[in-house]
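Here is structure.txt, consisting of compact mmCIF, C-alpha atoms:
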```
# COMPACT_ATOMS: atom_id res chain seq x y z
CA MET A 24 -17.61 -1.55 -29.88
CA SER A 25 -18.83 0.63 -27.06
CA SER A 26 -22.17 2.35 -27.13
CA SER A 27 -23.27 5.18 -24.89
CA SER A 28 -26.27 7.37 -24.43
CA VAL A 29 -24.05 10.41 -24.95
CA ASP A 30 -22.64 10.23 -28.45
CA GLY A 31 -19.20 8.60 -28.34
CA ALA A 32 -18.76 9.40 -24.67
CA LEU A 33 -18.02 5.88 -23.51
CA LEU A 34 -15.42 5.47 -26.24
CA ARG A 35 -13.79 8.75 -25.21
CA LEU A 36 -13.71 7.59 -21.60
CA GLU A 37 -12.06 4.34 -22.64
CA ASN A 38 -9.50 6.33 -24.62
CA ASP A 39 -8.84 8.57 -21.62
CA VAL A 40 -8.20 5.51 -19.46
CA ALA A 41 -5.82 4.10 -22.08
CA GLN A 42 -4.01 7.45 -22.27
CA TRP A 43 -3.78 7.61 -18.49
CA LEU A 44 -2.19 4.16 -18.41
CA SER A 45 0.11 5.05 -21.29
CA ASN A 46 1.28 8.22 -19.51
CA SER A 47 1.93 6.16 -16.38
CA ARG A 48 4.51 4.13 -18.32
CA LEU A 49 3.50 0.95 -16.57
CA GLU A 50 4.66 -1.88 -18.82
CA ARG A 51 1.86 -2.48 -21.26
CA VAL A 52 1.90 -6.24 -20.67
CA THR A 53 0.96 -5.60 -17.04
CA TRP A 54 -2.03 -3.39 -17.77
CA PRO A 55 -5.16 -4.90 -16.29
CA THR A 56 -8.16 -5.49 -18.50
CA PHE A 57 -10.91 -2.94 -17.91
CA ILE A 58 -14.33 -3.61 -19.38
CA PHE A 59 -16.62 -0.57 -19.33
CA ARG A 60 -20.36 -0.58 -19.74
CA GLU A 61 -22.82 2.23 -19.44
CA VAL A 62 -25.89 1.74 -17.28
CA ALA A 63 -28.78 4.08 -16.60
CA ALA A 64 -28.44 3.57 -12.85
CA LEU A 65 -26.71 1.26 -10.42
CA GLY A 66 -28.84 -1.43 -8.85
CA PRO A 67 -29.00 -2.07 -5.12
CA ASN A 68 -25.77 -3.35 -3.61
CA PRO A 69 -26.10 -7.10 -2.95
CA ASP A 70 -22.76 -7.30 -1.10
CA SER A 71 -23.04 -7.85 2.65
CA ARG A 72 -19.32 -7.50 3.40
CA PRO A 73 -18.25 -4.57 5.58
CA VAL A 74 -17.83 -1.33 3.68
CA PHE A 75 -14.53 0.49 3.91
CA THR A 76 -14.96 4.10 2.96
CA GLN A 77 -12.28 6.35 1.57
CA PRO A 78 -12.80 9.85 0.24
CA THR A 79 -15.01 9.34 -2.85
CA VAL A 80 -15.04 5.52 -2.84
CA ALA A 81 -16.58 2.70 -0.84
CA ILE A 82 -14.78 -0.63 -0.99
CA GLN A 83 -15.92 -4.14 -0.17
CA ALA A 84 -13.21 -6.76 -0.33
CA GLY A 85 -11.77 -9.77 1.36
CA PRO A 86 -13.20 -12.66 3.35
CA PRO A 87 -15.26 -14.61 2.59
CA GLY A 88 -14.13 -13.82 -0.95
CA GLY A 89 -15.58 -12.89 -4.29
CA PRO A 90 -14.80 -9.85 -6.43
CA VAL A 91 -13.72 -6.54 -4.97
CA ARG A 92 -16.61 -4.10 -5.20
CA ILE A 93 -15.72 -0.41 -5.48
CA ARG A 94 -18.40 2.25 -5.65
CA TRP A 95 -17.71 5.87 -6.54
CA ASP A 96 -19.75 8.54 -4.83
CA LEU A 97 -19.12 11.58 -7.03
CA ALA A 98 -21.34 10.05 -9.71
CA ASP A 99 -22.80 6.57 -9.86
CA ALA A 100 -20.16 4.08 -10.94
CA GLU A 101 -19.23 0.64 -9.70
CA ALA A 102 -16.26 -1.59 -10.42
CA LEU A 103 -16.06 -5.30 -9.80
CA VAL A 104 -12.45 -6.47 -9.76
CA ASP A 105 -12.24 -10.18 -10.48
CA GLU A 106 -11.37 -12.27 -7.45
CA PHE A 107 -8.31 -13.81 -9.12
CA LEU A 108 -7.59 -12.14 -12.46
CA PRO A 109 -6.23 -8.64 -13.22
CA GLN A 110 -9.46 -7.48 -14.76
CA ALA A 111 -12.42 -5.37 -13.75
CA THR A 112 -15.88 -4.70 -15.08
CA ILE A 113 -16.82 -1.08 -14.56
CA SER A 114 -20.40 0.10 -14.75
CA ILE A 115 -20.80 3.82 -15.23
CA THR A 116 -23.75 6.13 -15.46
CA PRO A 117 -23.72 9.06 -17.93
CA ASP A 118 -22.99 11.52 -15.09
CA VAL A 119 -19.44 10.16 -15.01
CA TYR A 120 -18.57 11.64 -18.43
CA ALA A 121 -18.52 15.18 -17.06
CA ARG A 122 -15.97 14.20 -14.39
CA THR A 123 -13.48 12.05 -16.24
CA ASP A 124 -10.41 13.55 -14.57
CA PHE A 125 -11.85 12.97 -11.11
CA PHE A 126 -12.96 9.51 -12.19
CA LEU A 127 -9.43 8.55 -13.22
CA ARG A 128 -7.79 10.01 -10.16
CA THR A 129 -10.17 8.89 -7.45
CA MET A 130 -11.98 5.82 -8.82
CA MET A 131 -9.85 4.20 -11.49
CA VAL A 132 -6.72 4.48 -9.42
CA VAL A 133 -8.35 2.35 -6.68
CA VAL A 134 -9.57 -0.14 -9.28
CA LEU A 135 -6.03 -0.24 -10.67
CA LEU A 136 -4.49 -0.91 -7.25
CA PHE A 137 -6.69 -3.94 -6.65
CA ALA A 138 -6.23 -5.22 -10.22
CA MET A 139 -2.44 -4.88 -9.99
CA ARG A 140 -2.42 -7.05 -6.87
CA ARG A 141 -3.44 -9.85 -9.22
CA ARG A 142 -0.22 -9.13 -11.13
CA GLY A 143 1.87 -9.42 -7.97
CA ARG A 144 2.38 -5.65 -7.78
CA PHE A 145 1.38 -4.16 -4.44
CA HIS A 146 0.61 -0.51 -3.90
CA VAL A 147 2.35 1.76 -1.40
CA HIS A 148 1.16 5.34 -1.06
CA ALA A 149 4.60 6.85 -1.49
CA ALA A 150 6.86 8.87 -3.74
CA ALA A 151 9.86 7.04 -5.17
CA LEU A 152 13.09 8.70 -6.27
CA GLN A 153 16.72 7.94 -6.95
CA SER A 154 19.57 10.23 -5.93
CA PRO A 155 22.32 11.22 -8.39
CA GLU A 156 24.51 8.72 -6.51
CA GLY A 157 22.00 5.95 -7.22
CA GLU A 158 20.38 5.63 -3.78
CA GLY A 159 16.66 4.79 -3.85
CA TRP A 160 14.34 6.70 -1.54
CA LEU A 161 10.73 6.14 -0.67
CA LEU A 162 8.75 9.03 0.81
CA ALA A 163 5.55 7.78 2.44
CA GLY A 164 2.88 9.76 4.15
CA SER A 165 -0.51 11.30 3.96
CA SER A 166 -1.67 13.79 1.36
CA GLY A 167 -0.37 17.15 2.46
CA GLY A 168 2.60 15.50 4.16
CA GLY A 169 5.18 17.05 1.86
CA LYS A 170 5.82 14.15 -0.53
CA SER A 171 5.15 16.08 -3.72
CA THR A 172 6.98 19.22 -2.67
CA THR A 173 9.99 17.22 -1.52
CA THR A 174 9.92 15.21 -4.74
CA ALA A 175 9.86 18.43 -6.78
CA LEU A 176 12.67 19.89 -4.66
CA LEU A 177 14.88 16.84 -5.17
CA ALA A 178 13.92 16.61 -8.85
CA ARG A 179 15.44 20.04 -9.34
CA GLU A 180 18.61 18.80 -7.64
CA GLY A 181 19.11 16.15 -10.31
CA TRP A 182 17.27 13.25 -8.69
CA ARG A 183 15.38 10.83 -10.92
CA VAL A 184 11.69 10.52 -10.18
CA SER A 185 9.70 7.31 -10.44
CA THR A 186 6.39 8.42 -8.95
CA GLU A 187 4.86 11.10 -6.83
CA ASP A 188 2.47 8.88 -4.88
CA ILE A 189 1.52 5.66 -6.67
CA ALA A 190 4.26 3.13 -6.04
CA PHE A 191 4.09 -0.62 -6.58
CA ILE A 192 6.42 -2.95 -4.73
CA GLU A 193 7.69 -6.02 -6.53
CA PRO A 194 10.56 -8.50 -6.32
CA ALA A 195 13.88 -7.16 -7.64
CA LEU A 196 17.24 -8.80 -8.30
CA GLU A 197 19.09 -10.78 -5.65
CA GLY A 198 16.17 -10.98 -3.26
CA ALA A 199 15.75 -7.23 -2.95
CA VAL A 200 12.43 -5.41 -3.12
CA GLY A 201 11.95 -2.91 -5.93
CA VAL A 202 9.47 -0.10 -6.33
CA ARG A 203 7.86 0.58 -9.69
CA GLY A 204 6.45 4.05 -10.16
CA PHE A 205 3.22 5.08 -11.82
CA ARG A 206 4.22 8.27 -13.60
CA THR A 207 1.90 11.19 -12.97
CA ARG A 208 2.29 14.93 -12.81
CA LEU A 209 3.68 16.18 -9.52
CA ALA A 210 0.74 18.02 -8.00
CA LEU A 211 2.02 20.96 -5.95
CA ARG A 212 -0.06 22.98 -3.56
CA PRO A 213 0.32 26.76 -3.92
CA GLY A 214 2.37 26.92 -0.73
CA GLY A 215 4.81 24.30 -1.94
CA ALA A 216 5.05 25.84 -5.41
CA SER A 217 5.73 29.22 -3.80
CA LEU A 218 8.52 27.84 -1.61
CA LEU A 219 10.03 26.26 -4.72
CA GLN A 220 9.50 29.50 -6.65
CA ILE A 221 7.59 27.62 -9.34
CA ASP A 222 5.00 29.59 -11.24
CA ALA A 223 4.72 27.45 -14.38
CA GLY A 224 2.87 24.18 -14.86
CA LEU A 225 -0.63 23.01 -15.57
CA ALA A 226 -3.24 24.52 -13.30
CA LEU A 227 -5.17 21.63 -11.77
CA ALA A 228 -8.13 23.83 -11.04
CA ASP A 229 -10.32 21.17 -9.43
CA ARG A 230 -7.55 20.39 -6.95
CA GLY A 231 -6.19 23.89 -6.45
CA LYS A 232 -2.73 22.64 -7.40
CA ILE A 233 -0.12 23.04 -10.09
CA GLY A 234 0.80 19.95 -12.10
CA LEU A 235 4.27 19.37 -13.49
CA TRP A 236 5.84 16.35 -15.14
CA PRO A 237 9.21 15.47 -13.56
CA GLU A 238 10.87 16.41 -16.85
CA GLU A 239 9.53 19.96 -16.55
CA LEU A 240 11.61 20.29 -13.39
CA GLY A 241 14.73 19.09 -15.16
CA ALA A 242 14.45 15.58 -13.79
CA SER A 243 14.21 12.32 -15.66
CA TRP A 244 11.78 9.52 -15.00
CA ILE A 245 12.98 6.14 -13.78
CA PRO A 246 10.75 3.06 -13.94
CA VAL A 247 12.04 1.13 -10.93
CA ILE A 248 14.13 1.97 -7.88
CA VAL A 249 15.47 -0.25 -5.12
CA PRO A 250 14.95 1.74 -1.91
CA THR A 251 17.55 1.87 0.81
CA VAL A 252 15.93 4.82 2.60
CA ILE A 253 12.31 5.27 3.66
CA MET A 254 11.05 8.55 5.05
CA PHE A 255 7.66 8.98 6.66
CA THR A 256 7.13 12.66 6.07
CA SER A 257 4.99 15.37 7.57
CA VAL A 258 5.12 19.13 7.33
CA GLY A 259 6.65 20.99 10.25
CA ASN A 260 7.81 24.55 10.80
CA ASP A 261 11.19 26.21 10.31
CA ARG A 262 13.60 23.43 11.14
CA THR A 263 13.62 19.93 9.66
CA VAL A 264 13.61 17.18 12.29
CA VAL A 265 14.80 13.67 11.41
CA GLU A 266 14.31 10.69 13.70
CA ARG A 267 15.65 7.19 12.98
CA LEU A 268 13.12 4.38 13.19
CA SER A 269 13.55 0.67 13.83
CA SER A 270 12.76 -1.93 11.16
CA MET A 271 9.59 -2.81 13.05
CA ASP A 272 8.51 0.85 13.11
CA ALA A 273 9.20 1.01 9.38
CA MET A 274 7.02 -2.06 8.92
CA ARG A 275 4.18 -0.49 10.89
CA GLY A 276 4.44 2.62 8.74
CA LEU A 277 4.52 0.64 5.52
CA VAL A 278 1.44 -1.37 6.50
CA GLN A 279 -0.33 1.93 7.18
CA TRP A 280 0.56 3.26 3.72
CA SER A 281 0.04 -0.06 1.97
CA MET A 282 -3.18 -0.86 3.76
CA TRP A 283 -4.66 -3.03 1.01
CA VAL A 284 -2.47 -5.77 2.50
CA LEU A 285 -5.15 -6.01 5.17
CA PHE A 286 -8.02 -6.42 2.74
CA GLU A 287 -7.68 -9.58 0.75
CA THR A 288 -6.32 -13.06 1.19
CA ILE A 289 -5.21 -13.12 -2.44
CA GLY A 290 -1.60 -11.98 -2.63
CA ALA A 291 -1.52 -11.18 1.10
CA THR A 292 1.37 -13.52 1.92
CA GLU A 293 3.53 -12.14 -0.91
CA HIS A 294 2.52 -8.55 -0.12
CA LEU A 295 3.48 -9.03 3.53
CA ARG A 296 6.77 -10.69 2.55
CA LEU A 297 7.66 -7.77 0.27
CA LEU A 298 6.80 -5.17 2.92
CA SER A 299 8.93 -7.09 5.41
CA GLY A 300 11.79 -7.26 2.89
CA LEU A 301 11.49 -3.54 2.25
CA SER A 302 11.61 -2.80 5.98
CA ALA A 303 14.69 -4.97 6.36
CA GLN A 304 16.63 -3.53 3.41
CA THR A 305 16.09 0.15 4.26
CA ARG A 306 17.05 2.73 6.84
CA ALA A 307 13.81 4.32 7.98
CA TYR A 308 13.20 7.81 9.33
CA ARG A 309 10.35 9.94 10.56
CA VAL A 310 10.90 13.37 9.02
CA GLN A 311 9.20 16.60 9.91
CA LEU A 312 9.98 18.85 6.98
CA GLY A 313 10.93 22.43 7.77
CA ARG A 314 11.45 25.48 5.62
CA ASP A 315 15.21 25.12 6.01
CA VAL A 316 15.20 22.27 3.50
CA PHE A 317 14.35 24.74 0.74
CA ASP A 318 17.50 26.71 1.50
CA ARG A 319 19.61 23.60 1.67
CA PRO A 320 18.08 20.57 -0.08
CA ALA A 321 21.17 18.47 0.72
CA LEU A 322 20.11 18.67 4.37
CA LEU A 323 17.95 15.56 3.93
CA GLN A 324 20.77 13.50 2.47
CA ASP A 325 23.17 14.70 5.14
CA ALA A 326 20.69 13.76 7.87
CA VAL A 327 20.46 10.15 6.75
CA ALA A 328 24.06 9.65 5.58
CA MET H 24 -10.79 -37.35 25.94
CA THR H 25 -8.15 -35.74 23.74
CA GLU H 26 -6.57 -32.42 24.62
CA GLN H 27 -7.75 -29.38 22.63
CA ARG H 28 -5.55 -28.40 19.68
CA TYR H 29 -5.19 -24.87 18.34
CA ARG H 30 -4.01 -23.48 15.00
CA LEU H 31 -3.56 -20.12 13.31
CA HIS H 32 -6.74 -18.43 12.14
CA PRO H 33 -7.06 -19.01 8.37
CA ASP H 34 -7.20 -15.24 7.75
CA LEU H 35 -3.89 -14.72 9.52
CA ARG H 36 -0.63 -13.99 7.69
CA LEU H 37 2.65 -14.13 9.55
CA THR H 38 6.20 -13.09 8.71
CA ALA H 39 9.44 -12.56 10.60
CA LEU H 40 11.27 -9.25 10.78
CA ALA H 41 14.36 -8.58 12.87
CA ASP H 42 13.68 -11.56 15.19
CA GLU H 43 10.14 -10.38 15.80
CA GLY H 44 6.89 -11.41 14.20
CA VAL H 45 4.48 -9.36 12.11
CA LEU H 46 0.90 -10.57 11.93
CA LEU H 47 -1.91 -9.43 9.71
CA HIS H 48 -5.44 -10.50 10.44
CA LEU H 49 -7.22 -10.11 7.11
CA GLY H 50 -10.69 -10.79 8.48
CA GLU H 51 -10.31 -8.23 11.25
CA ARG H 52 -8.05 -5.89 9.21
CA LYS H 53 -5.67 -5.67 12.13
CA TYR H 54 -1.92 -5.59 12.43
CA PHE H 55 0.00 -7.09 15.35
CA SER H 56 3.61 -7.60 16.27
CA VAL H 57 4.99 -10.24 18.64
CA ASN H 58 8.38 -10.91 20.20
CA ASP H 59 10.61 -13.80 19.22
CA THR H 60 8.98 -16.22 21.69
CA GLY H 61 5.53 -15.36 20.36
CA LEU H 62 6.81 -15.72 16.82
CA SER H 63 8.16 -19.22 17.50
CA MET H 64 4.86 -20.27 19.10
CA LEU H 65 2.85 -18.90 16.19
CA GLU H 66 5.18 -20.62 13.71
CA ALA H 67 4.47 -23.86 15.59
CA LEU H 68 0.74 -23.15 15.44
CA ARG H 69 0.79 -23.24 11.64
CA GLN H 70 0.08 -26.91 12.44
CA PRO H 71 -2.49 -27.80 15.10
CA ARG H 72 -0.86 -27.97 18.52
CA THR H 73 -1.94 -28.76 22.06
CA LEU H 74 -0.80 -26.76 25.07
CA ASP H 75 1.51 -29.65 26.05
CA GLU H 76 3.11 -29.67 22.61
CA LEU H 77 3.71 -25.91 22.75
CA VAL H 78 5.25 -26.22 26.21
CA HIS H 79 7.52 -28.98 24.92
CA GLU H 80 8.65 -26.84 21.98
CA LEU H 81 9.31 -23.86 24.26
CA LEU H 82 11.45 -26.03 26.56
CA GLU H 83 13.47 -27.20 23.55
CA SER H 84 14.20 -23.64 22.41
CA TYR H 85 14.41 -21.61 25.62
CA ASP H 86 16.03 -22.03 29.01
CA ALA H 87 12.96 -22.13 31.26
CA THR H 88 11.33 -24.33 33.88
CA GLU H 89 8.33 -26.38 32.77
CA ALA H 90 6.08 -24.39 35.11
CA ASP H 91 7.20 -21.07 33.61
CA ALA H 92 6.92 -22.38 30.05
CA ARG H 93 3.40 -23.69 30.72
CA GLU H 94 2.32 -20.40 32.28
CA SER H 95 3.74 -18.43 29.32
CA ALA H 96 2.22 -20.72 26.71
CA GLN H 97 -1.19 -20.71 28.40
CA ALA H 98 -1.19 -16.90 28.70
CA PHE H 99 -0.13 -16.57 25.06
CA LEU H 100 -2.84 -18.96 23.86
CA ASP H 101 -5.45 -17.04 25.86
CA ARG H 102 -4.37 -13.70 24.35
CA CYS H 103 -4.30 -15.13 20.85
CA LEU H 104 -7.75 -16.68 21.26
CA ARG H 105 -9.19 -13.36 22.44
CA ALA H 106 -7.67 -11.60 19.41
CA SER H 107 -8.84 -14.37 17.04
CA VAL H 108 -5.24 -14.93 16.03
CA ILE H 109 -5.71 -18.64 16.69
CA VAL H 110 -8.78 -20.86 16.68
CA PRO H 111 -9.58 -24.22 18.26
CA ASP H 112 -8.82 -26.92 15.73
CA ALA H 113 -11.91 -28.88 14.74
CA PRO H 114 -11.33 -32.65 14.89
CA GLU H 115 -11.27 -34.54 11.58
CA PRO H 116 -14.75 -35.85 10.72
```

Take the structure I supplied and represent it as structure tokens, if you would.
Amino acid sequence: MSSSSVDGALLRLENDVAQWLSNSRLERVTWPTFIFREVAALGPNPDSRPVFTQPTVAIQAGPPGGPVRIRWDLADAEALVDEFLPQATISITPDVYARTDFFLRTMMVVVLLFAMRRRGRFHVHAAALQSPEGEGWLLAGSSGGGKSTTTALLAREGWRVSTEDIAFIEPALEGAVGVRGFRTRLALRPGGASLLQIDAGLALADRGKIGLWPEELGASWIPVIVPTVIMFTSVGNDRTVVERLSSMDAMRGLVQWSMWVLFETIGATEHLRLLSGLSAQTRAYRVQLGRDVFDRPALLQDAVA
Amino acid sequence: MTEQRYRLHPDLRLTALADEGVLLHLGERKYFSVNDTGLSMLEALRQPRTLDELVHELLESYDATEADARESAQAFLDRCLRASVIVPDAPEP
């Protein structure tokens, strides 16, 4: 039984986390164990390992070992992910309750990524889709690099969507590498939504975006794809430019977008092996997305055929 | 006096891709790639090796003179030591 200073707030937060995981459609048996406790304030940080900062979180992980420590900076919260097991203890202060959506999206997602490593599932910051012909595509790149807009565009063309940007690589049949998607709403910036002529969807006011489930775009969700194409996307101007990359360039790109491989010894060998397998089984491209792709979505498929 | 042996740094992870090598240094959070010769030397260095042993293994795999192989192996060891990719192997107590 949880207890919180704000009546029922901790229980509601736990329910929100469970709902978030349920919506993701990750197999329930793989869900990590999250233990929440409310604290009045976080104590001083006893961890002397180097701090890696990301927007909203500070992470301490890796040699010489111990739990992964993740601190949130939008309100005081700290997660300790067990060194070996897929479980985390998360200390939160009451300020977190007013920012649950942010907490899920910017803190819990990082906790999840480290916990899932202990399940042999390794995160890649990428969208994952499957064409109507059954070809798996991975779109990797930074936020604002066109992943969500391209995913929405292809979703409307009958592609199946696995994830917009939280992909986990795992072994698949016959030595291949599969990608399991964490289902979330596609979060479209106003510019992307305008190009797609989308004016419906949930207003994600705190992010200035519009959120749509793949099904709202006429697509269906698919749990796992086996990629044969990787695109490292960025947003260009009028004309889409596609450049073929070598397997080694693909590997460099994947390490960049799966950077947790550099953080911890646990799982690192398997993570590296899967990234290498993914690089070897795919054709990789650097793609600068232009406006022309909105007039002719098949342009991307034609460019990599 | 025995010759110095070297081995991969314990925080290093190594895999092959398209006849090249991909290295991750978890302590340094760095990524490296090496060519096929470097990959074969690093594979050998999973076990402690002396310079002479590395030269011998290079001569078995590549068509080179001993002088060239020694120069290549020495230069490679120096680069790897500077990057903390390998470490001197401590003798057994």

Taking only C-alpha atoms into account, report as a compact mmCIF listing (two decimals) with C-alpha atoms, keeping the file's coordinate frame which residues of chain H lie within 10 Å of chain A.
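Result file follows (out12.txt):
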```txt
# COMPACT_ATOMS: atom_id res chain seq x y z
CA PRO H 33 -7.06 -19.01 8.37
CA ASP H 34 -7.20 -15.24 7.75
CA LEU H 35 -3.89 -14.72 9.52
CA ARG H 36 -0.63 -13.99 7.69
CA LEU H 37 2.65 -14.13 9.55
CA THR H 38 6.20 -13.09 8.71
CA ALA H 39 9.44 -12.56 10.60
CA LEU H 40 11.27 -9.25 10.78
CA ALA H 41 14.36 -8.58 12.87
CA ASP H 42 13.68 -11.56 15.19
CA GLU H 43 10.14 -10.38 15.80
CA GLY H 44 6.89 -11.41 14.20
CA VAL H 45 4.48 -9.36 12.11
CA LEU H 46 0.90 -10.57 11.93
CA LEU H 47 -1.91 -9.43 9.71
CA HIS H 48 -5.44 -10.50 10.44
CA LEU H 49 -7.22 -10.11 7.11
CA GLY H 50 -10.69 -10.79 8.48
CA GLU H 51 -10.31 -8.23 11.25
CA ARG H 52 -8.05 -5.89 9.21
CA LYS H 53 -5.67 -5.67 12.13
CA TYR H 54 -1.92 -5.59 12.43
CA PHE H 55 0.00 -7.09 15.35
CA SER H 56 3.61 -7.60 16.27
```

Expressed in Å, the length from CA of Ala223 in chain A to CA of Gly167 in chain A is 20.4 Å

Leaving out Gly61 in chain H and any residue of its chain fewer than 3 positions from it, which residues lie within 9 Å of it when counting all atoms listed in the file, given as a PyMOL selection string?
chain H and resi 43-44+56-58+64-66+96+99

Do you know which residues lie at most 12 Å from (13.7, 22.3, 9.6), with coordinates as in the file and all atoms listed in the file counted, and could you write them as a list in words?
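Residues lying no farther than 12 Å from the given point: Ser257, Val258, Gly259, Asn260, Asp261, Arg262, Thr263, Val264, Val265, Val310, Gln311, Leu312, Gly313, Arg314, Asp315, Val316, Phe317, Asp318, Arg319, Pro320, Leu322, Leu323 and Ala326 of chain A.
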
Nearest to Tyr29 in chain H by atom-to-atom distance, counting all atoms listed in the file, from H:Ala106, H:Leu81, H:Ala67, H:Leu62:
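Looking at the shortest contact to Tyr29 in chain H, the residue is H:Ala67.
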
Just the number, please: distance in Å from CA of Ile233 in chain A to CA of Leu135 in chain A, one decimal.
24.0 Å

Who sits within 9 Å of range 34-50 of chain A, only C-alpha atoms, same chain under 5 positions skipped, as number ranges by chain:
A: 24-27, 57-59, 120, 123-124, 127, 131, 186, 203-207, 246

Distance query Glu106 in chain A at most 10 Å, only C-alpha atoms, self and fewer than 3 positions along chain excluded, as a PyMOL selection string:
chain A and resi 84-85+88-92+103+109-111+137-138+141+287+289

Work out how far CA of Gly157 in chain A is from CA of Trp244 in chain A, in Å to one decimal.
13.3 Å

Applying 12 Å and all atoms listed in the file, which residues near Asp91 in chain H remain after dropping the ones on its own chain fewer than 4 positions away? List them as a list in words.
Val78, His79, Leu81, Leu82, Tyr85, Asp86, Ala87, Ser95, Ala96, Gln97 and Ala98 of chain H

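Shortest separation to Ala90 in chain H among H:Ala113, H:Asp75, H:Arg102, H:Thr60 occurs at residue H:Asp75, atoms counted being all atoms listed in the file.
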
Pick the closest to Pro78 in chain A from A:Met130, A:Leu108, A:Leu211, A:Leu33: which is it, counting all atoms listed in the file?
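Smallest separation from Pro78 in chain A among the options: A:Met130.
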
Which neighbours of Asp112 in chain H fall inside 8 Å, counting all atoms listed in the file, when residues of the same chain fewer than 6 positions from it are skipped, and could you give them as a PyMOL selection string?
chain H and resi 27-30+71

Shortest interatomic distance to Cys103 in chain H - which of H:Glu26, H:His32, H:Glu89, H:Arg69, counting all atoms listed in the file
H:His32

Can you give me N, CA and C atoms for range 89-106 of chain H, written as a JSON list (two decimals), in the coordinates of the input?
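Listing of out23.json after writing:
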```
[["chain", "number", "residue", "atom", "x", "y", "z"],
["H", 89, "GLU", "N", 9.58, -25.95, 33.41],
["H", 89, "GLU", "CA", 8.33, -26.38, 32.77],
["H", 89, "GLU", "C", 7.16, -25.54, 33.28],
["H", 90, "ALA", "N", 7.19, -25.19, 34.56],
["H", 90, "ALA", "CA", 6.08, -24.39, 35.11],
["H", 90, "ALA", "C", 6.01, -23.02, 34.44],
["H", 91, "ASP", "N", 7.19, -22.39, 34.27],
["H", 91, "ASP", "CA", 7.20, -21.07, 33.61],
["H", 91, "ASP", "C", 6.76, -21.17, 32.15],
["H", 92, "ALA", "N", 7.26, -22.21, 31.47],
["H", 92, "ALA", "CA", 6.92, -22.38, 30.05],
["H", 92, "ALA", "C", 5.41, -22.61, 29.90],
["H", 93, "ARG", "N", 4.84, -23.41, 30.80],
["H", 93, "ARG", "CA", 3.40, -23.69, 30.72],
["H", 93, "ARG", "C", 2.60, -22.41, 30.97],
["H", 94, "GLU", "N", 3.03, -21.65, 31.97],
["H", 94, "GLU", "CA", 2.32, -20.40, 32.28],
["H", 94, "GLU", "C", 2.38, -19.44, 31.08],
["H", 95, "SER", "N", 3.59, -19.33, 30.48],
["H", 95, "SER", "CA", 3.74, -18.43, 29.32],
["H", 95, "SER", "C", 2.90, -18.89, 28.14],
["H", 96, "ALA", "N", 2.95, -20.19, 27.87],
["H", 96, "ALA", "CA", 2.22, -20.72, 26.71],
["H", 96, "ALA", "C", 0.71, -20.56, 26.91],
["H", 97, "GLN", "N", 0.25, -20.83, 28.14],
["H", 97, "GLN", "CA", -1.19, -20.71, 28.40],
["H", 97, "GLN", "C", -1.65, -19.25, 28.24],
["H", 98, "ALA", "N", -0.84, -18.33, 28.80],
["H", 98, "ALA", "CA", -1.19, -16.90, 28.70],
["H", 98, "ALA", "C", -1.19, -16.46, 27.23],
["H", 99, "PHE", "N", -0.22, -16.94, 26.47],
["H", 99, "PHE", "CA", -0.13, -16.57, 25.06],
["H", 99, "PHE", "C", -1.33, -17.12, 24.28],
["H", 100, "LEU", "N", -1.68, -18.38, 24.54],
["H", 100, "LEU", "CA", -2.84, -18.96, 23.86],
["H", 100, "LEU", "C", -4.11, -18.17, 24.19],
["H", 101, "ASP", "N", -4.26, -17.80, 25.45],
["H", 101, "ASP", "CA", -5.45, -17.04, 25.86],
["H", 101, "ASP", "C", -5.53, -15.70, 25.11],
["H", 102, "ARG", "N", -4.39, -15.01, 25.04],
["H", 102, "ARG", "CA", -4.37, -13.70, 24.35],
["H", 102, "ARG", "C", -4.69, -13.88, 22.87],
["H", 103, "CYS", "N", -4.09, -14.91, 22.29],
["H", 103, "CYS", "CA", -4.30, -15.13, 20.85],
["H", 103, "CYS", "C", -5.75, -15.53, 20.55],
["H", 104, "LEU", "N", -6.34, -16.30, 21.44],
["H", 104, "LEU", "CA", -7.75, -16.68, 21.26],
["H", 104, "LEU", "C", -8.65, -15.46, 21.33],
["H", 105, "ARG", "N", -8.37, -14.57, 22.30],
["H", 105, "ARG", "CA", -9.19, -13.36, 22.44],
["H", 105, "ARG", "C", -9.08, -12.47, 21.20],
["H", 106, "ALA", "N", -7.89, -12.45, 20.59],
["H", 106, "ALA", "CA", -7.67, -11.60, 19.41],
["H", 106, "ALA", "C", -8.01, -12.33, 18.12]]
```
